[in-house]
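*Asks:* The file below is target-v7.cif, mmCIF, C-alpha atoms:
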data_input
loop_
_atom_site.group_PDB
_atom_site.id
_atom_site.type_symbol
_atom_site.label_atom_id
_atom_site.label_comp_id
_atom_site.auth_asym_id
_atom_site.auth_seq_id
_atom_site.Cartn_x
_atom_site.Cartn_y
_atom_site.Cartn_z
ATOM 1 C CA VAL V 124 34.202 119.591 -104.994
ATOM 2 C CA ASP V 125 33.202 123.030 -103.690
ATOM 3 C CA SER V 126 29.664 124.255 -103.002
ATOM 4 C CA TYR V 127 28.485 127.632 -104.289
ATOM 5 C CA THR V 128 25.811 130.096 -103.240
ATOM 6 C CA TRP V 129 24.474 132.987 -105.321
ATOM 7 C CA ASN V 130 21.541 135.389 -105.290
ATOM 8 C CA TRP V 131 18.359 134.531 -107.145
ATOM 9 C CA GLY V 132 18.424 136.219 -110.544
ATOM 10 C CA ASP V 133 22.231 136.394 -110.737
ATOM 11 C CA LYS V 134 24.130 134.575 -113.446
ATOM 12 C CA PHE V 135 26.544 131.923 -112.134
ATOM 13 C CA GLU V 136 29.537 131.279 -114.367
ATOM 14 C CA ILE V 137 32.499 128.891 -114.007
ATOM 15 C CA ARG V 138 35.507 129.207 -116.317
ATOM 16 C CA ASN V 139 38.902 127.542 -116.830
ATOM 17 C CA PHE V 140 38.514 124.655 -114.423
ATOM 18 C CA TYR V 141 40.143 121.211 -114.357
ATOM 19 C CA MET V 142 39.433 118.146 -112.268
ATOM 20 C CA ASN V 143 40.721 114.583 -112.041
ATOM 21 C CA TRP V 144 39.878 111.506 -110.034
ATOM 22 C CA ASN V 145 41.025 107.915 -109.715
ATOM 23 C CA THR V 146 38.916 104.825 -110.026
ATOM 24 C CA ASN V 147 41.121 101.994 -108.642
ATOM 25 C CA SER V 148 44.560 103.499 -108.245
ATOM 26 C CA LYS V 149 46.248 106.506 -106.716
ATOM 27 C CA GLY V 150 47.974 107.525 -109.904
ATOM 28 C CA THR V 151 47.775 110.887 -111.591
ATOM 29 C CA CYS V 152 45.867 111.607 -114.762
ATOM 30 C CA GLY V 153 48.311 110.641 -117.463
ATOM 31 C CA ASN V 154 48.799 108.474 -120.482
ATOM 32 C CA ARG V 155 50.126 105.510 -118.507
ATOM 33 C CA ASP V 156 47.518 105.349 -115.734
ATOM 34 C CA ARG V 157 44.355 104.077 -117.326
ATOM 35 C CA ASN V 158 42.503 103.912 -114.003
ATOM 36 C CA SER V 159 42.656 107.670 -113.456
ATOM 37 C CA GLN V 160 40.099 110.010 -114.987
ATOM 38 C CA CYS V 161 40.328 113.712 -115.817
ATOM 39 C CA TYR V 162 38.210 116.483 -117.266
ATOM 40 C CA GLY V 163 38.980 120.039 -118.268
ATOM 41 C CA ASN V 164 36.844 122.884 -119.567
ATOM 42 C CA PRO V 165 38.745 126.131 -120.115
ATOM 43 C CA GLU V 166 35.684 127.944 -121.502
ATOM 44 C CA GLY V 167 33.528 126.813 -118.576
ATOM 45 C CA PHE V 168 29.765 126.860 -118.427
ATOM 46 C CA ILE V 169 26.951 129.125 -117.215
ATOM 47 C CA VAL V 170 24.149 128.197 -114.847
ATOM 48 C CA ARG V 171 21.220 130.502 -115.599
ATOM 49 C CA THR V 172 18.191 131.134 -113.435
ATOM 50 C CA PRO V 173 14.712 131.060 -115.031
ATOM 51 C CA LEU V 174 13.678 134.122 -117.003
ATOM 52 C CA VAL V 175 11.396 136.341 -114.878
ATOM 53 C CA ALA V 176 9.785 139.432 -116.405
ATOM 54 C CA ASN V 177 9.257 142.358 -114.047
ATOM 55 C CA PHE V 178 8.993 146.150 -114.155
ATOM 56 C CA ASN V 179 8.326 149.222 -112.072
ATOM 57 C CA PHE V 180 6.857 152.567 -113.136
ATOM 58 C CA THR V 181 6.822 156.243 -112.204
ATOM 59 C CA THR V 182 3.824 158.498 -112.787
ATOM 60 C CA ASN V 183 3.984 162.206 -113.603
ATOM 61 C CA CYS V 184 2.389 165.102 -111.736
ATOM 62 C CA ASP V 185 2.055 167.334 -114.821
ATOM 63 C CA ASP V 186 0.396 164.977 -117.336
ATOM 64 C CA PHE V 187 -0.680 161.368 -117.845
ATOM 65 C CA SER V 188 2.647 160.013 -119.077
ATOM 66 C CA VAL V 189 4.266 157.067 -117.261
ATOM 67 C CA ASP V 190 7.952 156.091 -117.236
ATOM 68 C CA PHE V 191 8.646 152.354 -117.071
ATOM 69 C CA GLN V 192 11.761 150.715 -115.578
ATOM 70 C CA ASN V 193 12.482 147.171 -116.779
ATOM 71 C CA LEU V 194 13.511 144.818 -113.927
ATOM 72 C CA THR V 195 13.649 141.533 -115.862
ATOM 73 C CA THR V 196 16.124 138.950 -114.502
ATOM 74 C CA GLY V 197 17.373 135.469 -115.344
ATOM 75 C CA GLY V 198 17.628 133.683 -118.655
ATOM 76 C CA ASP V 199 20.233 134.749 -121.200
ATOM 77 C CA ASP V 200 20.616 138.461 -120.464
ATOM 78 C CA THR V 201 22.756 138.944 -123.573
ATOM 79 C CA GLY V 202 19.755 138.310 -125.812
ATOM 80 C CA TYR V 203 16.851 140.086 -124.129
ATOM 81 C CA SER V 204 14.046 141.544 -126.224
ATOM 82 C CA TYR V 205 10.811 143.064 -124.984
ATOM 83 C CA THR V 206 7.194 143.541 -126.002
ATOM 84 C CA TRP V 207 5.103 146.075 -124.083
ATOM 85 C CA ASP V 208 1.310 146.423 -124.355
ATOM 86 C CA PHE V 209 -0.154 149.598 -122.858
ATOM 87 C CA ASN V 210 -3.779 148.558 -122.302
ATOM 88 C CA GLY V 211 -4.273 148.143 -126.046
ATOM 89 C CA GLN V 212 -3.570 151.848 -126.641
ATOM 90 C CA GLY V 213 -0.012 151.394 -127.847
ATOM 91 C CA SER V 214 3.045 149.155 -127.730
ATOM 92 C CA SER V 215 6.831 149.352 -127.530
ATOM 93 C CA ASN V 216 9.930 147.182 -127.905
ATOM 94 C CA GLU V 217 12.186 149.486 -125.892
ATOM 95 C CA CYS V 218 13.824 148.379 -122.662
ATOM 96 C CA ASP V 219 12.577 151.325 -120.569
ATOM 97 C CA PRO V 220 9.789 153.049 -122.488
ATOM 98 C CA SER V 221 7.510 155.963 -121.623
ATOM 99 C CA PHE V 222 3.861 156.157 -122.611
ATOM 100 C CA ASP V 223 1.227 158.909 -122.435
ATOM 101 C CA PHE V 224 -2.259 157.582 -121.570
ATOM 102 C CA ASN V 225 -3.793 161.050 -122.223
ATOM 103 C CA GLN V 226 -6.358 160.867 -119.406
ATOM 104 C CA ALA V 227 -6.966 159.595 -115.890
ATOM 105 C CA GLY V 228 -8.081 155.999 -115.339
ATOM 106 C CA GLN V 229 -6.943 152.462 -114.609
ATOM 107 C CA TYR V 230 -4.781 150.728 -117.208
ATOM 108 C CA GLU V 231 -3.386 147.200 -117.592
ATOM 109 C CA VAL V 232 0.227 147.093 -118.791
ATOM 110 C CA ILE V 233 1.761 143.828 -120.020
ATOM 111 C CA LEU V 234 5.478 143.146 -120.428
ATOM 112 C CA VAL V 235 6.647 140.029 -122.283
ATOM 113 C CA ALA V 236 10.401 139.388 -122.032
ATOM 114 C CA HIS V 237 12.243 137.061 -124.443
ATOM 115 C CA ASP V 238 15.803 135.745 -124.235
ATOM 116 C CA GLY V 239 15.886 133.738 -127.481
ATOM 117 C CA ILE V 240 15.096 130.495 -125.661
ATOM 118 C CA SER V 241 12.104 131.173 -123.455
ATOM 119 C CA SER V 242 9.689 133.980 -122.627
ATOM 120 C CA SER V 243 8.084 135.357 -119.462
ATOM 121 C CA SER V 244 5.240 137.846 -118.979
ATOM 122 C CA ILE V 245 3.839 140.028 -116.223
ATOM 123 C CA THR V 246 0.774 142.280 -116.008
ATOM 124 C CA LYS V 247 0.419 145.245 -113.649
ATOM 125 C CA SER V 248 -2.437 147.707 -113.072
ATOM 126 C CA ILE V 249 -1.666 151.417 -113.169
ATOM 127 C CA PHE V 250 -4.086 153.989 -111.760
ATOM 128 C CA LEU V 251 -3.693 157.584 -112.889
ATOM 129 C CA ASN V 252 -5.484 160.288 -110.896
ATOM 130 C CA GLU V 253 -6.934 163.447 -112.326
ATOM 131 C CA LEU V 254 -4.394 166.272 -112.311
ATOM 132 C CA ILE V 255 -4.632 168.740 -109.433
ATOM 133 C CA ASP V 256 -6.706 171.799 -110.283
ATOM 134 C CA ILE V 257 -7.865 174.839 -108.319
ATOM 135 C CA SER V 258 -11.007 176.933 -108.525
ATOM 136 C CA PHE V 259 -11.383 180.019 -106.327
ATOM 137 C CA SER V 260 -13.581 182.911 -105.380
ATOM 138 C CA LYS V 261 -12.334 186.171 -103.888
ATOM 139 C CA GLU V 262 -13.594 189.284 -102.164
ATOM 140 C CA ASP V 263 -11.539 192.401 -102.825
ATOM 141 C CA PRO V 264 -10.859 194.741 -99.878
ATOM 142 C CA ASN V 265 -13.233 197.651 -99.318
ATOM 143 C CA CYS V 266 -11.998 200.921 -100.681
ATOM 144 C CA ASN V 267 -12.163 202.683 -97.293
ATOM 145 C CA GLU V 268 -11.133 199.816 -95.012
ATOM 146 C CA GLU V 269 -7.977 197.732 -94.534
ATOM 147 C CA ASN V 270 -7.754 193.940 -94.312
ATOM 148 C CA THR V 271 -11.264 193.155 -95.527
ATOM 149 C CA GLY V 272 -10.372 190.914 -98.465
ATOM 150 C CA SER V 273 -10.764 187.124 -98.554
ATOM 151 C CA ILE V 274 -10.034 184.143 -100.820
ATOM 152 C CA SER V 275 -11.750 180.745 -100.863
ATOM 153 C CA ILE V 276 -10.336 177.872 -102.925
ATOM 154 C CA THR V 277 -11.614 174.433 -103.960
ATOM 155 C CA PRO V 278 -8.999 171.863 -105.061
ATOM 156 C CA THR V 279 -9.782 168.827 -107.210
ATOM 157 C CA GLY V 280 -7.745 165.908 -108.550
ATOM 158 C CA GLY V 281 -4.697 164.297 -107.040
ATOM 159 C CA SER V 282 -5.019 161.660 -104.328
ATOM 160 C CA GLY V 283 -5.291 161.806 -100.558
ATOM 161 C CA ASN V 284 -5.473 164.889 -98.369
ATOM 162 C CA TYR V 285 -4.332 168.341 -99.419
ATOM 163 C CA THR V 286 -1.931 170.701 -97.708
ATOM 164 C CA TYR V 287 -1.864 174.456 -98.354
ATOM 165 C CA SER V 288 0.910 177.019 -98.302
ATOM 166 C CA TRP V 289 -0.045 180.696 -98.760
ATOM 167 C CA THR V 290 2.201 183.699 -99.197
ATOM 168 C CA GLY V 291 1.293 187.347 -99.757
ATOM 169 C CA PRO V 292 2.052 190.913 -98.630
ATOM 170 C CA ASN V 293 3.328 190.432 -95.060
ATOM 171 C CA PHE V 294 1.246 187.267 -94.946
ATOM 172 C CA SER V 295 1.566 183.471 -94.757
ATOM 173 C CA SER V 296 -0.892 180.706 -93.890
ATOM 174 C CA THR V 297 -1.484 176.960 -94.140
ATOM 175 C CA ASN V 298 -5.302 177.245 -94.112
ATOM 176 C CA GLN V 299 -7.431 176.326 -97.100
ATOM 177 C CA ASN V 300 -9.300 179.625 -97.112
ATOM 178 C CA ILE V 301 -7.900 182.948 -95.953
ATOM 179 C CA SER V 302 -9.422 186.272 -94.885
ATOM 180 C CA GLY V 303 -8.493 189.626 -93.333
ATOM 181 C CA LEU V 304 -6.459 190.474 -96.418
ATOM 182 C CA ASN V 305 -5.214 193.698 -97.892
ATOM 183 C CA GLU V 306 -4.709 194.327 -101.597
ATOM 184 C CA GLY V 307 -1.791 192.570 -103.300
ATOM 185 C CA VAL V 308 -0.654 189.340 -104.942
ATOM 186 C CA TYR V 309 -1.343 186.113 -103.056
ATOM 187 C CA GLU V 310 0.060 182.726 -104.017
ATOM 188 C CA VAL V 311 -1.077 179.309 -102.833
ATOM 189 C CA THR V 312 0.627 175.942 -103.382
ATOM 190 C CA ILE V 313 -1.547 172.852 -102.950
ATOM 191 C CA THR V 314 0.092 169.428 -102.450
ATOM 192 C CA ASP V 315 -1.612 166.036 -102.295
ATOM 193 C CA SER V 316 -0.503 163.521 -99.676
ATOM 194 C CA ASP V 317 -0.424 160.317 -101.746
ATOM 195 C CA ASN V 318 1.648 161.425 -104.745
ATOM 196 C CA ASN V 319 3.320 164.580 -103.403
ATOM 197 C CA CYS V 320 2.130 166.403 -106.514
ATOM 198 C CA SER V 321 1.595 170.137 -106.240
ATOM 199 C CA LEU V 322 0.082 173.088 -108.096
ATOM 200 C CA THR V 323 0.634 176.800 -107.505
ATOM 201 C CA GLN V 324 -2.023 179.438 -108.185
ATOM 202 C CA GLU V 325 -1.599 183.224 -108.098
ATOM 203 C CA ILE V 326 -4.555 185.388 -107.055
ATOM 204 C CA ILE V 327 -4.633 189.189 -107.063
ATOM 205 C CA LEU V 328 -6.748 191.282 -104.699
ATOM 206 C CA GLU V 329 -7.395 194.882 -105.785
ATOM 207 C CA LYS V 330 -8.848 197.693 -103.745
ATOM 208 C CA PRO V 331 -11.345 199.754 -105.781
ATOM 209 C CA GLU V 332 -10.613 203.402 -106.224
ATOM 210 C CA THR V 333 -12.232 205.765 -103.742
ATOM 211 C CA PRO V 334 -15.017 207.627 -105.541
ATOM 212 C CA THR V 335 -14.506 211.372 -105.921
ATOM 213 C CA SER V 336 -16.674 213.452 -103.596
ATOM 214 C CA PRO V 337 -19.151 215.673 -105.432
ATOM 215 C CA VAL V 338 -18.261 219.361 -105.482
#
Can the structure in the file be given as structure tokens, please?

*Replies:*
Amino acid sequence: VDSYTWNWGDKFEIRNFYMNWNTNSKGTCGNRDRNSQCYGNPEGFIVRTPLVANFNFTTNCDDFSVDFQNLTTGGDDTGYSYTWDFNGQGSSNECDPSFDFNQAGQYEVILVAHDGISSSSITKSIFLNELIDISFSKEDPNCNEENTGSISITPTGGSGNYTYSWTGPNFSSTNQNISGLNEGVYEVTITDSDNNCSLTQEIILEKPETPTSPV
């Protein structure tokens, strides 16, 4: 008799095996030796681990939709069926569904997995942050002076600290607010540290026309 080792959650299957043993004699398994015993099972049998429901999820930087990845193991994997409950706001029977929660907040998601014999459930909390947004104020350059413009921005939403990446006419910066600017198009990309979500905002500085001198 051999011993076997397999990973938790894997299906263990034995097929087409035959064994024989003797009780009081050293004879072979045959019609004439009634002390020998034998057993065969060409179709084999399957040793299944318990059904364990599990899932992972991926949030979205652009909206409040969430993609779910089913990680259920064990049981009879040929007969899986699923019931998802998205915090009472909706449900699904798909294997890997997506769901839009429409707004930021904390939500309880329940997965119940069935294999036709037993069922298993798991609940996970999902926290969705507000989407990143930018408000700004600007000071256009003076009409008679160079490099007098400035831009101040205030980010909201996301999670964690922000990083900034500015580009403009012969200009780049990683500061939140920038000054000493000439007229032109400036672009800032803000990224949050926890989710690596980003938003890009374009801001235009315009130099007013020089007034015409009176004649």

*Asks:* Give me the residues near Cys320 of chain V as a PDB file with C-alpha atoms, in the coordinates of the input, where near means some atom within 10 Å (using only C-alpha atoms) and where sequence neighbours in that chain fewer than 2 positions away do not count.

*Replies:*
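Okay, this is what ended up in selection26.pdb:
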ATOM      1  CA  ASN V 183       3.984 162.206-113.603  1.00  0.00           C
ATOM      2  CA  CYS V 184       2.389 165.102-111.736  1.00  0.00           C
ATOM      3  CA  ASP V 185       2.055 167.334-114.821  1.00  0.00           C
ATOM      4  CA  LEU V 254      -4.394 166.272-112.311  1.00  0.00           C
ATOM      5  CA  ILE V 255      -4.632 168.740-109.433  1.00  0.00           C
ATOM      6  CA  GLY V 281      -4.697 164.297-107.040  1.00  0.00           C
ATOM      7  CA  SER V 282      -5.019 161.660-104.328  1.00  0.00           C
ATOM      8  CA  TYR V 285      -4.332 168.341 -99.419  1.00  0.00           C
ATOM      9  CA  ILE V 313      -1.547 172.852-102.950  1.00  0.00           C
ATOM     10  CA  THR V 314       0.092 169.428-102.450  1.00  0.00           C
ATOM     11  CA  ASP V 315      -1.612 166.036-102.295  1.00  0.00           C
ATOM     12  CA  SER V 316      -0.503 163.521 -99.676  1.00  0.00           C
ATOM     13  CA  ASP V 317      -0.424 160.317-101.746  1.00  0.00           C
ATOM     14  CA  ASN V 318       1.648 161.425-104.745  1.00  0.00           C
ATOM     15  CA  LEU V 322       0.082 173.088-108.096  1.00  0.00           C
TER      16      LEU V 322
END

*Asks:* Show which residues sit within 7 Å of Ile257 of chain V, as a list in words. Count all atoms listed in the file, and ignore same-chain residues fewer than 4 positions away.

*Replies:*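 Non-adjacent residues within range: Ile276, Thr277, Pro278 and Thr279 of chain V.
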
*Asks:* If the PyMOL selection byres ((chain V and resi 273) around 9) is run on the structure shown, which residues does it catch, given as a list of chain:residue names?

*Replies:*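 This file gives the following for the PyMOL selection byres ((chain V and resi 273) around 9): V:Ser260, V:Lys261, V:Glu262, V:Asp263, V:Pro264, V:Asn270, V:Thr271, V:Gly272, V:Ile274, V:Ser275, V:Asn300, V:Ile301, V:Ser302, V:Gly303, V:Leu304, V:Asn305, V:Leu328.
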
*Asks:* Measure the distance from atom CA of Gly280 of chain V to atom CA of Glu253 of chain V in Å and round it to one decimal.

*Replies:* 4.6 Å

*Asks:* Which one of V:Gln299, V:Tyr205, V:Thr286, V:Pro292 sits closest to Ser243 of chain V if you count all atoms listed in the file?

*Replies:* V:Tyr205

*Asks:* Would you kindly place N, CA, C and O atoms on segment 183-197 of chain V and return the model as a PDB file, in the frame of the given file?

*Replies:*
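So selection.pdb came out as:
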ATOM      1  N   ASN V 183       3.579 160.816-113.431  1.00  0.00           N
ATOM      2  CA  ASN V 183       3.984 162.206-113.603  1.00  0.00           C
ATOM      3  C   ASN V 183       2.926 163.119-113.012  1.00  0.00           C
ATOM      4  O   ASN V 183       1.730 162.865-113.167  1.00  0.00           O
ATOM      5  N   CYS V 184       3.347 164.170-112.342  1.00  0.00           N
ATOM      6  CA  CYS V 184       2.389 165.102-111.736  1.00  0.00           C
ATOM      7  C   CYS V 184       1.790 166.079-112.748  1.00  0.00           C
ATOM      8  O   CYS V 184       0.738 166.673-112.482  1.00  0.00           O
ATOM      9  N   ASP V 185       2.457 166.283-113.893  1.00  0.00           N
ATOM     10  CA  ASP V 185       2.055 167.334-114.821  1.00  0.00           C
ATOM     11  C   ASP V 185       1.201 166.833-115.978  1.00  0.00           C
ATOM     12  O   ASP V 185       0.576 167.638-116.680  1.00  0.00           O
ATOM     13  N   ASP V 186       1.199 165.518-116.242  1.00  0.00           N
ATOM     14  CA  ASP V 186       0.396 164.977-117.336  1.00  0.00           C
ATOM     15  C   ASP V 186       0.132 163.500-117.038  1.00  0.00           C
ATOM     16  O   ASP V 186       0.336 163.038-115.913  1.00  0.00           O
ATOM     17  N   PHE V 187      -0.314 162.778-118.045  1.00  0.00           N
ATOM     18  CA  PHE V 187      -0.680 161.368-117.845  1.00  0.00           C
ATOM     19  C   PHE V 187       0.347 160.425-118.454  1.00  0.00           C
ATOM     20  O   PHE V 187       0.023 159.290-118.807  1.00  0.00           O
ATOM     21  N   SER V 188       1.585 160.879-118.582  1.00  0.00           N
ATOM     22  CA  SER V 188       2.647 160.013-119.077  1.00  0.00           C
ATOM     23  C   SER V 188       3.240 159.194-117.930  1.00  0.00           C
ATOM     24  O   SER V 188       3.264 159.637-116.775  1.00  0.00           O
ATOM     25  N   VAL V 189       3.704 157.989-118.250  1.00  0.00           N
ATOM     26  CA  VAL V 189       4.266 157.067-117.261  1.00  0.00           C
ATOM     27  C   VAL V 189       5.620 156.587-117.778  1.00  0.00           C
ATOM     28  O   VAL V 189       5.754 156.221-118.953  1.00  0.00           O
ATOM     29  N   ASP V 190       6.622 156.600-116.907  1.00  0.00           N
ATOM     30  CA  ASP V 190       7.952 156.091-117.236  1.00  0.00           C
ATOM     31  C   ASP V 190       8.102 154.691-116.655  1.00  0.00           C
ATOM     32  O   ASP V 190       7.848 154.476-115.467  1.00  0.00           O
ATOM     33  N   PHE V 191       8.531 153.750-117.484  1.00  0.00           N
ATOM     34  CA  PHE V 191       8.646 152.354-117.071  1.00  0.00           C
ATOM     35  C   PHE V 191      10.112 151.964-116.913  1.00  0.00           C
ATOM     36  O   PHE V 191      10.952 152.342-117.742  1.00  0.00           O
ATOM     37  N   GLN V 192      10.406 151.213-115.838  1.00  0.00           N
ATOM     38  CA  GLN V 192      11.761 150.715-115.578  1.00  0.00           C
ATOM     39  C   GLN V 192      11.723 149.190-115.630  1.00  0.00           C
ATOM     40  O   GLN V 192      11.056 148.550-114.822  1.00  0.00           O
ATOM     41  N   ASN V 193      12.455 148.617-116.589  1.00  0.00           N
ATOM     42  CA  ASN V 193      12.482 147.171-116.779  1.00  0.00           C
ATOM     43  C   ASN V 193      13.340 146.523-115.704  1.00  0.00           C
ATOM     44  O   ASN V 193      14.487 146.910-115.488  1.00  0.00           O
ATOM     45  N   LEU V 194      12.801 145.515-115.003  1.00  0.00           N
ATOM     46  CA  LEU V 194      13.511 144.818-113.927  1.00  0.00           C
ATOM     47  C   LEU V 194      13.621 143.316-114.215  1.00  0.00           C
ATOM     48  O   LEU V 194      13.748 142.508-113.293  1.00  0.00           O
ATOM     49  N   THR V 195      13.585 142.942-115.485  1.00  0.00           N
ATOM     50  CA  THR V 195      13.649 141.533-115.862  1.00  0.00           C
ATOM     51  C   THR V 195      14.978 140.912-115.433  1.00  0.00           C
ATOM     52  O   THR V 195      16.032 141.526-115.554  1.00  0.00           O
ATOM     53  N   THR V 196      14.919 139.667-114.934  1.00  0.00           N
ATOM     54  CA  THR V 196      16.124 138.950-114.502  1.00  0.00           C
ATOM     55  C   THR V 196      16.099 137.533-115.058  1.00  0.00           C
ATOM     56  O   THR V 196      15.079 137.039-115.527  1.00  0.00           O
ATOM     57  N   GLY V 197      17.261 136.867-114.964  1.00  0.00           N
ATOM     58  CA  GLY V 197      17.373 135.469-115.344  1.00  0.00           C
ATOM     59  C   GLY V 197      17.497 135.264-116.837  1.00  0.00           C
ATOM     60  O   GLY V 197      17.577 136.217-117.620  1.00  0.00           O
TER      61      GLY V 197
END
